[in-house]
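*Asks:* Below is the file structure24.cif, which contains mmCIF, C-alpha atoms and all ligand atoms.
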data_structure
loop_
_atom_site.group_PDB
_atom_site.id
_atom_site.type_symbol
_atom_site.label_atom_id
_atom_site.label_comp_id
_atom_site.auth_asym_id
_atom_site.auth_seq_id
_atom_site.Cartn_x
_atom_site.Cartn_y
_atom_site.Cartn_z
ATOM 1 C CA GLU A 1 183.998 103.540 140.225
ATOM 2 C CA LYS A 2 183.193 99.920 139.436
ATOM 3 C CA LEU A 3 185.426 98.135 136.939
ATOM 4 C CA ASP A 4 183.886 95.907 134.263
ATOM 5 C CA VAL A 5 186.731 93.435 133.918
ATOM 6 C CA VAL A 6 189.779 92.730 136.086
ATOM 7 C CA VAL A 7 192.429 90.343 134.766
ATOM 8 C CA VAL A 8 194.878 88.707 137.174
ATOM 9 C CA GLY A 9 197.354 87.260 134.704
ATOM 10 C CA SER A 10 200.309 87.401 132.374
ATOM 11 C CA CYS A 11 202.169 89.737 130.043
ATOM 12 C CA MET A 12 204.603 88.382 127.449
ATOM 13 C CA THR A 13 206.683 89.935 124.722
ATOM 14 C CA ASP A 14 205.805 87.942 121.603
ATOM 15 C CA LEU A 15 208.784 87.228 119.305
ATOM 16 C CA VAL A 16 207.119 85.972 116.163
ATOM 17 C CA SER A 17 208.689 84.256 113.134
ATOM 18 C CA GLN A 18 206.588 83.386 110.115
ATOM 19 C CA THR A 19 207.670 80.314 108.123
ATOM 20 C CA SER A 20 206.105 78.143 105.425
ATOM 21 C CA ARG A 21 205.991 75.185 107.843
ATOM 22 C CA LEU A 22 206.892 74.400 111.450
ATOM 23 C CA PRO A 23 210.502 73.090 111.840
ATOM 24 C CA LYS A 24 211.250 69.506 112.960
ATOM 25 C CA ALA A 25 213.530 68.705 115.936
ATOM 26 C CA GLY A 26 217.142 69.577 115.079
ATOM 27 C CA GLU A 27 216.180 71.383 111.891
ATOM 28 C CA THR A 28 216.987 74.966 110.791
ATOM 29 C CA ILE A 29 214.647 76.557 108.271
ATOM 30 C CA HIS A 30 214.272 80.014 106.712
ATOM 31 C CA GLY A 31 211.410 82.185 107.825
ATOM 32 C CA HIS A 32 210.080 85.118 105.791
ATOM 33 C CA LYS A 33 209.008 87.631 108.433
ATOM 34 C CA PHE A 34 209.825 88.537 112.054
ATOM 35 C CA PHE A 35 208.005 90.933 114.397
ATOM 36 C CA ILE A 36 207.679 91.748 118.086
ATOM 37 C CA GLY A 37 204.288 92.261 119.683
ATOM 38 C CA PHE A 38 202.494 92.616 122.995
ATOM 39 C CA GLY A 39 201.158 89.226 124.090
ATOM 40 C CA GLY A 40 200.579 86.940 127.035
ATOM 41 C CA LYS A 41 197.171 85.408 127.565
ATOM 42 C CA GLY A 42 196.134 87.627 130.477
ATOM 43 C CA ALA A 43 197.067 90.904 128.820
ATOM 44 C CA ASN A 44 195.637 89.798 125.471
ATOM 45 C CA GLN A 45 192.262 89.092 127.060
ATOM 46 C CA CYS A 46 192.330 92.381 128.947
ATOM 47 C CA VAL A 47 193.200 94.415 125.846
ATOM 48 C CA GLN A 48 190.438 92.757 123.784
ATOM 49 C CA ALA A 49 187.880 93.598 126.472
ATOM 50 C CA ALA A 50 189.212 97.178 126.593
ATOM 51 C CA ARG A 51 189.055 97.542 122.795
ATOM 52 C CA LEU A 52 185.357 96.641 122.915
ATOM 53 C CA GLY A 53 184.745 99.358 125.501
ATOM 54 C CA ALA A 54 185.079 97.591 128.869
ATOM 55 C CA LYS A 55 186.520 99.475 131.834
ATOM 56 C CA THR A 56 189.460 97.230 132.718
ATOM 57 C CA ALA A 57 192.351 96.755 135.140
ATOM 58 C CA MET A 58 195.309 94.420 134.938
ATOM 59 C CA VAL A 59 196.974 92.791 137.969
ATOM 60 C CA CYS A 60 200.371 91.561 136.766
ATOM 61 C CA LYS A 61 204.152 91.776 137.044
ATOM 62 C CA VAL A 62 206.662 92.719 134.374
ATOM 63 C CA GLY A 63 210.462 93.121 134.504
ATOM 64 C CA LYS A 64 212.298 96.350 135.244
ATOM 65 C CA ASP A 65 213.474 96.333 131.641
ATOM 66 C CA PHE A 66 212.666 97.903 128.282
ATOM 67 C CA PHE A 67 209.972 95.327 127.489
ATOM 68 C CA GLY A 68 208.238 95.829 130.848
ATOM 69 C CA SER A 69 208.206 99.609 130.549
ATOM 70 C CA SER A 70 206.826 99.502 126.998
ATOM 71 C CA TYR A 71 204.191 97.033 128.151
ATOM 72 C CA ILE A 72 202.959 99.479 130.799
ATOM 73 C CA GLN A 73 202.719 102.150 128.103
ATOM 74 C CA ASN A 74 200.705 99.715 125.950
ATOM 75 C CA PHE A 75 198.176 99.325 128.784
ATOM 76 C CA LYS A 76 197.941 103.107 129.187
ATOM 77 C CA ASP A 77 197.372 103.481 125.433
ATOM 78 C CA HIS A 78 194.367 101.161 125.887
ATOM 79 C CA SER A 79 193.089 102.967 129.010
ATOM 80 C CA VAL A 80 193.709 99.795 131.043
ATOM 81 C CA CYS A 81 194.181 100.744 134.725
ATOM 82 C CA THR A 82 197.838 100.077 135.661
ATOM 83 C CA ALA A 83 197.554 100.752 139.408
ATOM 84 C CA PHE A 84 198.232 97.046 140.057
ATOM 85 C CA VAL A 85 200.990 96.520 137.498
ATOM 86 C CA THR A 86 204.387 96.179 139.198
ATOM 87 C CA GLN A 87 207.950 95.899 137.895
ATOM 88 C CA THR A 88 210.640 93.624 139.333
ATOM 89 C CA ALA A 89 214.402 93.599 138.927
ATOM 90 C CA GLU A 90 214.458 89.895 139.905
ATOM 91 C CA ALA A 91 213.351 88.537 136.519
ATOM 92 C CA MET A 92 212.843 89.559 132.890
ATOM 93 C CA THR A 93 209.465 90.444 131.417
ATOM 94 C CA GLY A 94 207.863 87.213 130.185
ATOM 95 C CA ALA A 95 208.696 86.226 126.611
ATOM 96 C CA ALA A 96 207.024 83.983 124.054
ATOM 97 C CA SER A 97 208.880 82.554 121.054
ATOM 98 C CA ILE A 98 206.218 81.925 118.438
ATOM 99 C CA ILE A 99 206.421 80.254 115.039
ATOM 100 C CA VAL A 100 203.494 80.694 112.647
ATOM 101 C CA ASN A 101 203.181 78.634 109.444
ATOM 102 C CA ASP A 102 201.418 79.480 106.174
ATOM 103 C CA ALA A 103 198.205 77.857 107.426
ATOM 104 C CA GLY A 104 198.137 80.346 110.317
ATOM 105 C CA GLU A 105 198.908 77.576 112.835
ATOM 106 C CA ASN A 106 201.474 78.148 115.578
ATOM 107 C CA THR A 107 203.768 76.627 118.168
ATOM 108 C CA ILE A 108 204.723 78.668 121.239
ATOM 109 C CA VAL A 109 207.384 78.409 123.955
ATOM 110 C CA ILE A 110 206.859 80.780 126.881
ATOM 111 C CA VAL A 111 209.387 81.798 129.527
ATOM 112 C CA ALA A 112 207.098 83.325 132.134
ATOM 113 C CA GLY A 113 209.875 85.219 134.003
ATOM 114 C CA ALA A 114 208.444 88.138 136.010
ATOM 115 C CA ASN A 115 204.908 86.709 135.699
ATOM 116 C CA MET A 116 205.842 83.954 138.178
ATOM 117 C CA LEU A 117 206.830 86.571 140.779
ATOM 118 C CA LEU A 118 203.333 88.044 141.004
ATOM 119 C CA GLY A 119 202.527 87.128 144.613
ATOM 120 C CA GLU A 120 199.963 87.289 147.412
ATOM 121 C CA GLU A 121 201.120 90.728 148.469
ATOM 122 C CA GLU A 122 200.303 92.308 145.091
ATOM 123 C CA LEU A 123 197.000 90.437 144.948
ATOM 124 C CA GLU A 124 196.076 91.750 148.414
ATOM 125 C CA LYS A 125 196.670 95.313 147.228
ATOM 126 C CA ALA A 126 194.231 94.726 144.374
ATOM 127 C CA ARG A 127 191.634 93.004 146.579
ATOM 128 C CA SER A 128 189.212 95.906 147.002
ATOM 129 C CA ALA A 129 189.250 96.790 143.274
ATOM 130 C CA LEU A 130 188.763 93.127 142.415
ATOM 131 C CA ALA A 131 185.912 92.724 144.883
ATOM 132 C CA LYS A 132 184.054 95.606 143.184
ATOM 133 C CA ALA A 133 184.550 94.385 139.600
ATOM 134 C CA LYS A 134 181.834 92.785 137.496
ATOM 135 C CA VAL A 135 184.015 90.045 136.005
ATOM 136 C CA LEU A 136 187.376 88.472 136.907
ATOM 137 C CA LEU A 137 189.445 86.648 134.280
ATOM 138 C CA CYS A 138 192.334 84.274 135.125
ATOM 139 C CA GLN A 139 194.630 81.928 133.191
ATOM 140 C CA LEU A 140 197.651 79.728 134.015
ATOM 141 C CA GLU A 141 200.670 81.773 132.937
ATOM 142 C CA ILE A 142 201.269 82.993 136.519
ATOM 143 C CA SER A 143 201.630 80.890 139.713
ATOM 144 C CA SER A 144 198.521 78.727 139.791
ATOM 145 C CA HIS A 145 197.895 79.390 143.507
ATOM 146 C CA ILE A 146 197.643 83.129 142.754
ATOM 147 C CA SER A 147 195.075 82.465 140.020
ATOM 148 C CA LEU A 148 193.092 80.267 142.393
ATOM 149 C CA GLN A 149 193.315 82.846 145.188
ATOM 150 C CA ALA A 150 192.035 85.556 142.809
ATOM 151 C CA LEU A 151 189.092 83.350 141.803
ATOM 152 C CA ARG A 152 188.259 82.763 145.486
ATOM 153 C CA ILE A 153 188.348 86.477 146.332
ATOM 154 C CA ALA A 154 186.079 87.256 143.387
ATOM 155 C CA ARG A 155 183.618 84.487 144.237
ATOM 156 C CA GLN A 156 183.358 85.648 147.872
ATOM 157 C CA SER A 157 182.389 89.097 146.566
ATOM 158 C CA ASN A 158 179.861 87.852 143.998
ATOM 159 C CA VAL A 159 182.094 88.872 141.100
ATOM 160 C CA LYS A 160 181.533 86.628 138.050
ATOM 161 C CA THR A 161 184.591 84.450 137.425
ATOM 162 C CA VAL A 162 185.946 83.286 134.084
ATOM 163 C CA PHE A 163 188.814 80.816 134.177
ATOM 164 C CA ASN A 164 190.894 79.853 131.142
ATOM 165 C CA PRO A 165 193.102 76.859 132.071
ATOM 166 C CA ALA A 166 195.835 77.760 129.568
ATOM 167 C CA PRO A 167 198.418 76.492 129.177
ATOM 168 C CA ALA A 168 196.711 73.398 130.619
ATOM 169 C CA ILE A 169 198.262 71.258 133.352
ATOM 170 C CA PRO A 170 197.070 67.659 133.794
ATOM 171 C CA ASP A 171 196.764 67.809 137.614
ATOM 172 C CA LEU A 172 194.667 70.989 137.893
ATOM 173 C CA HIS A 173 193.482 71.639 141.489
ATOM 174 C CA SER A 174 189.818 70.625 141.788
ATOM 175 C CA ASP A 175 188.873 74.014 143.307
ATOM 176 C CA PHE A 176 189.491 75.713 139.932
ATOM 177 C CA TYR A 177 186.308 74.047 138.682
ATOM 178 C CA LYS A 178 184.279 74.971 141.755
ATOM 179 C CA GLU A 179 185.360 78.625 141.653
ATOM 180 C CA SER A 180 184.530 79.084 137.930
ATOM 181 C CA ASP A 181 181.286 80.629 136.716
ATOM 182 C CA VAL A 182 182.627 80.032 133.221
ATOM 183 C CA PHE A 183 185.406 77.505 132.586
ATOM 184 C CA CYS A 184 186.632 78.135 129.040
ATOM 185 C CA CYS A 185 189.314 76.165 127.196
ATOM 186 C CA ASN A 186 190.204 74.966 123.699
ATOM 187 C CA GLU A 187 190.077 71.405 122.368
ATOM 188 C CA SER A 188 193.670 70.461 123.272
ATOM 189 C CA GLU A 189 193.274 71.794 126.811
ATOM 190 C CA ALA A 190 190.001 69.895 127.199
ATOM 191 C CA GLU A 191 191.816 66.775 126.005
ATOM 192 C CA LEU A 192 194.623 67.201 128.544
ATOM 193 C CA LEU A 193 192.181 67.840 131.396
ATOM 194 C CA THR A 194 189.797 64.967 130.643
ATOM 195 C CA GLY A 195 192.146 62.453 129.005
ATOM 196 C CA ALA A 196 189.564 62.005 126.241
ATOM 197 C CA HIS A 197 190.292 62.741 122.584
ATOM 198 C CA VAL A 198 188.533 65.937 121.410
ATOM 199 C CA ALA A 199 188.394 66.094 117.622
ATOM 200 C CA SER A 200 184.735 66.799 116.868
ATOM 201 C CA VAL A 201 181.810 68.843 118.148
ATOM 202 C CA ASP A 202 180.411 65.641 119.698
ATOM 203 C CA ASP A 203 183.707 64.899 121.490
ATOM 204 C CA ALA A 204 183.707 68.460 122.832
ATOM 205 C CA GLY A 205 180.192 67.936 124.179
ATOM 206 C CA HIS A 206 181.308 64.827 126.073
ATOM 207 C CA ALA A 207 184.489 66.452 127.425
ATOM 208 C CA GLY A 208 182.471 69.530 128.362
ATOM 209 C CA LEU A 209 180.037 67.431 130.384
ATOM 210 C CA GLU A 210 182.933 65.804 132.226
ATOM 211 C CA LEU A 211 184.378 69.246 133.089
ATOM 212 C CA LEU A 212 180.945 70.572 134.086
ATOM 213 C CA ASN A 213 180.527 67.650 136.495
ATOM 214 C CA ARG A 214 183.685 68.772 138.289
ATOM 215 C CA GLY A 215 181.710 71.731 139.629
ATOM 216 C CA CYS A 216 181.770 74.713 137.199
ATOM 217 C CA ALA A 217 178.593 76.707 136.587
ATOM 218 C CA ALA A 218 179.279 76.695 132.833
ATOM 219 C CA VAL A 219 181.818 75.258 130.394
ATOM 220 C CA ILE A 220 182.797 76.581 126.970
ATOM 221 C CA ILE A 221 185.110 74.592 124.697
ATOM 222 C CA THR A 222 186.377 76.638 121.773
ATOM 223 C CA LEU A 223 186.866 74.746 118.505
ATOM 224 C CA GLY A 224 188.576 77.187 116.128
ATOM 225 C CA SER A 225 186.756 77.319 112.792
ATOM 226 C CA GLN A 226 183.975 75.177 114.263
ATOM 227 C CA GLY A 227 183.017 77.840 116.808
ATOM 228 C CA CYS A 228 182.426 76.511 120.297
ATOM 229 C CA VAL A 229 180.332 74.255 122.508
ATOM 230 C CA VAL A 230 178.525 75.697 125.546
ATOM 231 C CA LEU A 231 177.203 73.740 128.550
ATOM 232 C CA GLN A 232 175.582 75.092 131.691
ATOM 233 C CA ALA A 233 174.850 73.393 135.005
ATOM 234 C CA SER A 234 171.286 74.686 134.596
ATOM 235 C CA ASN A 235 171.156 73.203 131.064
ATOM 236 C CA PRO A 236 173.875 70.563 130.658
ATOM 237 C CA ASN A 237 172.816 69.700 127.106
ATOM 238 C CA PRO A 238 175.873 70.639 124.974
ATOM 239 C CA LYS A 239 174.937 73.474 122.613
ATOM 240 C CA HIS A 240 177.060 73.917 119.470
ATOM 241 C CA ILE A 241 177.569 77.567 118.462
ATOM 242 C CA PRO A 242 178.986 77.627 114.894
ATOM 243 C CA THR A 243 180.912 80.620 113.525
ATOM 244 C CA THR A 244 181.499 82.312 110.160
ATOM 245 C CA LYS A 245 184.073 80.884 107.773
ATOM 246 C CA VAL A 246 187.151 83.096 107.313
ATOM 247 C CA THR A 247 190.619 82.616 105.791
ATOM 248 C CA PRO A 248 193.093 82.451 108.684
ATOM 249 C CA VAL A 249 196.363 84.407 108.487
ATOM 250 C CA ASP A 250 197.473 84.050 112.124
ATOM 251 C CA THR A 251 195.336 82.272 114.714
ATOM 252 C CA THR A 252 197.696 83.094 117.631
ATOM 253 C CA GLY A 253 195.698 84.566 120.497
ATOM 254 C CA ALA A 254 192.303 83.967 118.886
ATOM 255 C CA GLY A 255 191.198 82.186 122.052
ATOM 256 C CA ASP A 256 192.241 85.245 124.065
ATOM 257 C CA SER A 257 190.204 87.496 121.780
ATOM 258 C CA PHE A 258 187.210 85.212 122.408
ATOM 259 C CA LEU A 259 187.729 85.324 126.197
ATOM 260 C CA GLY A 260 188.206 89.099 126.296
ATOM 261 C CA ALA A 261 185.024 89.550 124.296
ATOM 262 C CA LEU A 262 183.144 87.084 126.502
ATOM 263 C CA ALA A 263 184.195 88.990 129.639
ATOM 264 C CA PHE A 264 183.097 92.258 128.006
ATOM 265 C CA TYR A 265 179.619 90.835 127.332
ATOM 266 C CA MET A 266 179.315 89.313 130.808
ATOM 267 C CA ALA A 267 180.140 92.712 132.331
ATOM 268 C CA GLN A 268 178.088 94.986 130.087
ATOM 269 C CA TYR A 269 175.218 92.674 129.022
ATOM 270 C CA PRO A 270 174.728 90.559 132.171
ATOM 271 C CA SER A 271 171.270 89.314 131.222
ATOM 272 C CA MET A 272 172.275 88.091 127.757
ATOM 273 C CA PRO A 273 172.185 84.258 127.417
ATOM 274 C CA LEU A 274 175.656 82.669 127.498
ATOM 275 C CA GLU A 275 175.038 81.124 124.051
ATOM 276 C CA GLU A 276 174.457 84.562 122.529
ATOM 277 C CA MET A 277 177.535 86.008 124.240
ATOM 278 C CA SER A 278 179.542 83.076 122.835
ATOM 279 C CA ARG A 279 178.129 83.597 119.346
ATOM 280 C CA ARG A 280 179.205 87.230 119.410
ATOM 281 C CA ALA A 281 182.611 86.430 120.959
ATOM 282 C CA ASN A 282 183.167 83.920 118.114
ATOM 283 C CA LEU A 283 182.631 86.737 115.613
ATOM 284 C CA VAL A 284 185.080 89.045 117.411
ATOM 285 C CA ALA A 285 187.728 86.280 117.459
ATOM 286 C CA ALA A 286 187.089 85.566 113.759
ATOM 287 C CA VAL A 287 188.259 89.109 112.978
ATOM 288 C CA SER A 288 191.483 88.522 114.943
ATOM 289 C CA VAL A 289 192.589 85.489 112.913
ATOM 290 C CA GLN A 290 192.522 87.488 109.681
ATOM 291 C CA SER A 291 195.633 89.562 110.411
ATOM 292 C CA ASP A 292 199.111 89.138 111.928
ATOM 293 C CA GLY A 293 199.879 88.966 115.617
ATOM 294 C CA THR A 294 197.745 88.820 118.735
ATOM 295 C CA GLN A 295 196.709 92.213 120.174
ATOM 296 C CA THR A 296 197.493 94.048 116.906
ATOM 297 C CA SER A 297 194.805 91.963 115.228
ATOM 298 C CA TYR A 298 192.070 92.492 117.840
ATOM 299 C CA PRO A 299 189.135 94.619 116.654
ATOM 300 C CA PHE A 300 187.963 97.810 118.341
ATOM 301 C CA LYS A 301 184.264 98.456 118.865
ATOM 302 C CA LYS A 302 184.262 100.844 115.887
ATOM 303 C CA ASP A 303 185.521 98.069 113.550
ATOM 304 C CA LEU A 304 182.608 95.771 114.305
ATOM 305 C CA ALA A 305 178.972 95.531 113.185
ATOM 306 C CA THR A 306 176.631 97.514 115.448
ATOM 307 C CA GLU A 307 174.563 94.328 115.713
ATOM 308 C CA LEU A 308 177.240 93.014 118.105
ATOM 309 C CA PHE A 309 176.467 95.802 120.576
ATOM 310 C CA LEU A 310 172.668 95.695 120.585
ATOM 311 C CA GLU A 311 170.710 94.294 123.514
ATOM 312 C CA GLU A 312 169.083 91.077 122.383
HETATM 313 O O1 LIG B 401 197.397 82.854 123.625
HETATM 314 C C1 LIG B 401 198.376 83.479 122.869
HETATM 315 C C2 LIG B 401 199.500 83.944 123.745
HETATM 316 O O2 LIG B 401 200.100 82.816 124.320
HETATM 317 C C3 LIG B 401 200.614 84.685 123.038
HETATM 318 O O3 LIG B 401 200.427 86.064 122.989
HETATM 319 C C4 LIG B 401 201.847 84.271 123.808
HETATM 320 O O4 LIG B 401 202.400 85.342 124.528
HETATM 321 C C5 LIG B 401 201.391 83.140 124.731
HETATM 322 O O5 LIG B 401 201.299 83.551 126.026
HETATM 323 NA NA NA B 402 195.775 87.345 114.637
#
Represent the structure of the file as C-alpha cells.
Ligand code: RIB
Ligand code: NA
*Replies:*
Amino acid sequence: EKLDVVVVGSCMTDLVSQTSRLPKAGETIHGHKFFIGFGGKGANQCVQAARLGAKTAMVCKVGKDFFGSSYIQNFKDHSVCTAFVTQTAEAMTGAASIIVNDAGENTIVIVAGANMLLGEEELEKARSALAKAKVLLCQLEISSHISLQALRIARQSNVKTVFNPAPAIPDLHSDFYKESDVFCCNESEAELLTGAHVASVDDAGHAGLELLNRGCAAVIITLGSQGCVVLQASNPNPKHIPTTKVTPVDTTGAGDSFLGALAFYMAQYPSMPLEEMSRRANLVAAVSVQSDGTQTSYPFKKDLATELFLEE
C-alpha cells in the first residue's frame, strides 16, 4: 500500500533544561525543570504527520542502546512504519542538549551519533517504498549526501519532495535546490544560505526569491509568530501568510510541527493551494508552542478544529 509521507532523517534524544535565561559562556546557572523527550528534526516531522493521520515511514538509524530501543517503540506507538529503522553498535543514538528560557526561546547542541551512520545501503533497501510514497521529507541531521540521494530517488519517481535545510550549512550543494518541490527553512537558515539579513516579512520575501532562483519549485520561509512567506516558481510574488497570536511556552520543534503538517497536507490534499496548506500548517505549529517539549506538544487530529481537515 502507498505511503503518504516517508522521512529520511534523524532521531535524537532531547535532554531539556528550562531556565529563566540562557547562560553566557563560562557561566553556571540554576534551571527549574529537566525532562527527556523524543526529538530530532526528521522524527519530529514524521510524528507530526502521523498524528494528523498520515500513513508514514521513517528511514533512520539509532544506537543499539536504551534510547534507540525506546525510540523504535515511540514510532510503533504512533503507527510509523519501522521496517527501515536500523540499530548500530558503532555509535550512540543521537542526542540534543536543549536549554529553553522563560520566553520559550532555545539553544540546542546536537551530537548526531548513529544518525551519521545511516548509509547508501539502508537507503537502497527503502528505495521501493520511497518510490511509491506521495511525499518525501529530508533535513540535514544525517549525512548530507544521503539526504540528497533520497531527494533524487523521490524526484525520479515523481514523489513530491520537501527539503528542510536544518541545521543550515553555508555551502549547501546546489542540487538540493533543484531537487526540492518545496524548500522550507526558518529566518536564520535563510540568512545563512543567502548571506542577507532576514528580520522582517519583506526581508524574507527577498531571501525567498534568491532561494527560488536557485532552482526550487517553491520556497517557504517560516517566521515564528509572524507566520511564513510562500513563493512559487509559477508565482514568484512573495505571499505573506500570517498566523494567530499565542503565548509561547516552548517553541522547540515548532518548525518541525509545521513541516510535518505541510507534508500531511501535500499527501492527503494534493490539489490544495500551497498558501492554504501553509496557513493550516501555521495553525498546527501554533498549538505546539503552547506546551513543553517537541513531539509531546504536537497536536493529534482529534485536538484540532475540523475546519483544518475540510477540502477547500
Ligand atoms: O527542531 C527541533 C529539534 O532539533 C529537537 O528535537 C532537537 O532534537 C534538534 O534536533
Ligand atoms: Na512545544
*Asks:* What does the list of residues within 7 Å of ligand NA 402 (chain B) look like if you count only C-alpha atoms and all ligand atoms, written as number ranges by chain?
*Replies:* A: 249-254, 288-294, 297
*Asks:* Report as a PDB file with C-alpha atoms, in the coordinates of the input all protein, DNA and RNA residues lying within 10 Å of region 22-30 of chain A, evaluated on all atoms listed in the file, omitting residues in the same chain fewer than 4 positions from it.
*Replies:*
ATOM      1  CA  SER A  17     208.689  84.256 113.134  1.00  0.00           C
ATOM      2  CA  GLN A  18     206.588  83.386 110.115  1.00  0.00           C
ATOM      3  CA  ILE A  99     206.421  80.254 115.039  1.00  0.00           C
ATOM      4  CA  VAL A 100     203.494  80.694 112.647  1.00  0.00           C
ATOM      5  CA  ASN A 101     203.181  78.634 109.444  1.00  0.00           C
ATOM      6  CA  ASP A 102     201.418  79.480 106.174  1.00  0.00           C
ATOM      7  CA  GLU A 105     198.908  77.576 112.835  1.00  0.00           C
ATOM      8  CA  ASN A 106     201.474  78.148 115.578  1.00  0.00           C
ATOM      9  CA  THR A 107     203.768  76.627 118.168  1.00  0.00           C
TER      10      THR A 107
END
*Asks:* Let me see if you get this right: every residue at most 6 Å from ligand LIG 401 (chain B), counting all atoms listed in the file, written as JSON, numbers by chain.
*Replies:* {"A": [12, 14, 39, 40, 41, 96, 252, 253, 256, 294]}
*Asks:* Kindly save the residues from that selection, with C-alpha atoms included, as a short mmCIF file (atom, residue, chain, number, x, y, z; two decimals), keeping the file's coordinate frame.
*Replies:*
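Dumped everything to out_4.cif:
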data_model
loop_
_atom_site.label_atom_id
_atom_site.label_comp_id
_atom_site.auth_asym_id
_atom_site.auth_seq_id
_atom_site.Cartn_x
_atom_site.Cartn_y
_atom_site.Cartn_z
CA MET A 12 204.60 88.38 127.45
CA ASP A 14 205.80 87.94 121.60
CA GLY A 39 201.16 89.23 124.09
CA GLY A 40 200.58 86.94 127.04
CA LYS A 41 197.17 85.41 127.56
CA ALA A 96 207.02 83.98 124.05
CA THR A 252 197.70 83.09 117.63
CA GLY A 253 195.70 84.57 120.50
CA ASP A 256 192.24 85.24 124.06
CA THR A 294 197.74 88.82 118.74
#
*Asks:* Skipping near chain neighbours, those fewer than 6 positions away, what residues fall within 12 Å of Ser271 (chain A) using only C-alpha atoms, listed as a PyMOL selection string?
*Replies:* chain A and resi 265+277+311-312
*Asks:* Run the PyMOL selection byres (((chain A and resi 133) around 8) and not hetatm) on the file and write out the hits as a list in words.
*Replies:*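 Taken on the displayed file, the PyMOL selection byres (((chain A and resi 133) around 8) and not hetatm) yields the residues Lys2, Leu3, Asp4, Val5, Val6, Ala129, Leu130, Ala131, Lys132, Lys134, Val135, Leu136 and Val159 of chain A.
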*Asks:* Check which residues satisfy the PyMOL selection byres (((chain A and resi 45-54) around 9) and not hetatm) in the file shown, then give them as an mmCIF file with C-alpha atoms, keeping the file's coordinate frame.
*Replies:*
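The result, stored in selection-v8.cif:
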data_model
loop_
_atom_site.group_PDB
_atom_site.id
_atom_site.type_symbol
_atom_site.label_atom_id
_atom_site.label_comp_id
_atom_site.auth_asym_id
_atom_site.auth_seq_id
_atom_site.Cartn_x
_atom_site.Cartn_y
_atom_site.Cartn_z
ATOM 1 C CA LEU A 3 185.426 98.135 136.939
ATOM 2 C CA ASP A 4 183.886 95.907 134.263
ATOM 3 C CA VAL A 5 186.731 93.435 133.918
ATOM 4 C CA VAL A 6 189.779 92.730 136.086
ATOM 5 C CA VAL A 7 192.429 90.343 134.766
ATOM 6 C CA GLY A 40 200.579 86.940 127.035
ATOM 7 C CA LYS A 41 197.171 85.408 127.565
ATOM 8 C CA GLY A 42 196.134 87.627 130.477
ATOM 9 C CA ALA A 43 197.067 90.904 128.820
ATOM 10 C CA ASN A 44 195.637 89.798 125.471
ATOM 11 C CA LYS A 55 186.520 99.475 131.834
ATOM 12 C CA THR A 56 189.460 97.230 132.718
ATOM 13 C CA ALA A 57 192.351 96.755 135.140
ATOM 14 C CA MET A 58 195.309 94.420 134.938
ATOM 15 C CA PHE A 75 198.176 99.325 128.784
ATOM 16 C CA HIS A 78 194.367 101.161 125.887
ATOM 17 C CA SER A 79 193.089 102.967 129.010
ATOM 18 C CA VAL A 80 193.709 99.795 131.043
ATOM 19 C CA LEU A 137 189.445 86.648 134.280
ATOM 20 C CA GLY A 253 195.698 84.566 120.497
ATOM 21 C CA GLY A 255 191.198 82.186 122.052
ATOM 22 C CA ASP A 256 192.241 85.245 124.065
ATOM 23 C CA SER A 257 190.204 87.496 121.780
ATOM 24 C CA PHE A 258 187.210 85.212 122.408
ATOM 25 C CA LEU A 259 187.729 85.324 126.197
ATOM 26 C CA GLY A 260 188.206 89.099 126.296
ATOM 27 C CA ALA A 261 185.024 89.550 124.296
ATOM 28 C CA LEU A 262 183.144 87.084 126.502
ATOM 29 C CA ALA A 263 184.195 88.990 129.639
ATOM 30 C CA PHE A 264 183.097 92.258 128.006
ATOM 31 C CA TYR A 265 179.619 90.835 127.332
ATOM 32 C CA ALA A 267 180.140 92.712 132.331
ATOM 33 C CA GLN A 268 178.088 94.986 130.087
ATOM 34 C CA GLN A 295 196.709 92.213 120.174
ATOM 35 C CA TYR A 298 192.070 92.492 117.840
ATOM 36 C CA PRO A 299 189.135 94.619 116.654
ATOM 37 C CA PHE A 300 187.963 97.810 118.341
ATOM 38 C CA LYS A 301 184.264 98.456 118.865
ATOM 39 C CA LYS A 302 184.262 100.844 115.887
#
*Asks:* Run through the PyMOL selection byres (((chain A and resi 33) around 8) and not hetatm) on the given coordinates and return the selected residues as a list in words.
*Replies:*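 Applied to this file, the PyMOL selection byres (((chain A and resi 33) around 8) and not hetatm) selects Ser17, Gln18, Thr19, Gly31, His32, Phe34 and Phe35 of chain A.
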*Asks:* I'd like the interatomic distance between CA of Glu189 (chain A) and CA of Leu118 (chain A), to a tenth of an Å.
*Replies:*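 Result for CA of Glu189 (chain A) versus CA of Leu118 (chain A): 23.8 Å, one decimal.
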*Asks:* One number please: CA of Phe66 (chain A) to CA of Ile36 (chain A), in Å, one decimal.
*Replies:*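 Answer for the CA of Phe66 (chain A) to CA of Ile36 (chain A) separation: 12.9 Å.
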*Asks:* Under the rule that only C-alpha atoms are counted, which of A:Ser278, A:Thr13, A:Gln87, A:Asn164 is the nearest residue to Leu151 (chain A)?
*Replies:* A:Asn164
*Asks:* Distance CA of Gly113 (chain A)-CA of Cys184 (chain A), one decimal place?
*Replies:* 24.8 Å
*Asks:* When distances are computed from all atoms listed in the file, which of A:Pro248, A:Pro273, A:Pro167, A:Pro238 shows the smallest separation from Asp203 (chain A)?
*Replies:* A:Pro238
*Asks:* Using only C-alpha atoms, which residues sit within 9 Å of Ser147 (chain A) once same-chain residues fewer than 6 positions away are excluded, as a ChimeraX atom specification?
*Replies:* /A:8-9,138-140,163,176
